[in-house]
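Asks: What follows is a single structure, and I will ask about it in a moment.
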Amino acid sequence: MGASPEPEPPIAPAPGRQTAPMDADGLLLDFVRDRDAACPRCGYNVRNLTKPVCPECEEPLVLKVGGRTYPVRWLLATVAPGIFTGVMAGVMAVIFLIVGPPPAVPLGAILTGWFFVTSAAVAGAIIIWNRRFVRQPQPRQVLWVVLVWVIHLCAFFIFLSYALP
Ligand SMILES: [Zn+2]
């Protein structure tokens, strides 16, 4: 008889780990052992499950990693001025469509309109690519807020200096 192939060694536990590695179902059952958890479908308490299925509604259950709530605070602060200018640009466009553009448009008004549209477009781009924005480190997000608000406040005062006699 030839030598039989050596059996595969068992998968070693990760360093510092006391229990043997478990499959996903094992981890789920371990998680709900002596711990209250609600079935995501019917709300039944699945504490001490013995198989990875809700006993009430038979929903297959998995254990997964969740994120905290989506951090939109700095994103919203960044796009707020652009949303405002977008609405203003829309109102101006509707007025022009109804009464027609004025015969002579002063340069200040053209620049203001151009700024509104550009600002709204940038805000729209940030909203579309919001995941890229939110992934940035927080100081960079705050820098965006400061930059955007400084630019808009400057534009507002320049606009006022044109609009006021
Ligand atoms: Zn259920």
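Going through the structure tokens in order, the chains are called A, B, and so on, while each chain numbers its residues from 1 and the ligands are numbered from 1 in the order shown.
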Tell me which protein, DNA and RNA residues are within 6 Å of region 42-55 of chain A, counting only C-alpha atoms, leaving out same-chain ones fewer than 6 positions away, and put them as a list in words.

Replies: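 In the requested format, the answer is Val32, Arg33, Asp34, Arg35, Asp36 and Leu61 of chain A.
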
Asks: If we count only C-alpha atoms and set the cut-off at 8 Å, which residues sit around region 89-91 of chain A, ignoring sequence neighbours fewer than 5 positions away in its own chain? Please answer as a list in words.

Replies: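 The neighbour list is Gly113, Phe116 and Val117 of chain A.
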
Asks: Mind writing the picked residues with C-alpha atoms as a compact mmCIF listing (two decimals), in the first residue's frame?

Replies:
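Result file is selection_20.txt:
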```
# COMPACT_ATOMS: atom_id res chain seq x y z
CA GLY A 113 -26.73 85.03 -14.48
CA PHE A 116 -25.88 81.52 -10.89
CA VAL A 117 -25.80 78.89 -13.65
```

Asks: Let me make sure I understand: among A:Gly67, A:Gly82, A:Pro60, A:Pro106, which one has the smallest atom-to-atom distance to ligand 1 if we use only C-alpha atoms and all ligand atoms?

Replies: A:Pro60

Asks: CA of Met22 (chain A) and CA of Thr69 (chain A) are how many Å apart?

Replies: 28.6 Å

Asks: Apply DSSP to the structure's backbone, then extract all residues of region 59-152 of chain A labelled helix (DSSP H, G or I) and return them as a PyMOL selection string.

Replies: chain A and resi 73-99+107-128+130-135+138-152

Asks: Among chain A, which ones does DSSP place in strand (DSSP E or B), written as a PyMOL selection string?

Replies: chain A and resi 38+45+53+60

Asks: Which residues are near Ile151 (chain A)? Cut-off 12 Å, only C-alpha atoms, ignore same chain within fewer than 6 positions. Put them as a PDB file with C-alpha atoms, in the first residue's frame.

Replies:
```pdb
ATOM      1  CA  THR A  78     -21.574  72.939   0.437  1.00  0.00           C
ATOM      2  CA  PRO A  81     -25.781  78.155  -2.007  1.00  0.00           C
ATOM      3  CA  GLY A  82     -25.747  76.368  -5.385  1.00  0.00           C
ATOM      4  CA  PHE A 115     -22.461  82.943 -11.916  1.00  0.00           C
ATOM      5  CA  PHE A 116     -25.880  81.518 -10.891  1.00  0.00           C
ATOM      6  CA  SER A 119     -22.791  77.724  -9.207  1.00  0.00           C
ATOM      7  CA  TRP A 144     -15.270  73.081   0.561  1.00  0.00           C
ATOM      8  CA  VAL A 145     -17.983  74.650   2.729  1.00  0.00           C
ATOM      9  CA  PHE A 157     -21.766  91.839  -2.184  1.00  0.00           C
ATOM     10  CA  ILE A 158     -20.458  92.479  -5.708  1.00  0.00           C
TER      11      ILE A 158
END
```

Asks: Between CA of Gln138 (chain A) and CA of Val87 (chain A), what is the spacing in Å?

Replies: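 For CA of Val87 (chain A) relative to CA of Gln138 (chain A), the distance reads 27.9 Å.
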
Asks: Looking at A:Val134, A:Ala163, A:Val94, A:Ala123, which one is nearest to Tyr70 (chain A), with distances taken over only C-alpha atoms?

Replies: A:Val134
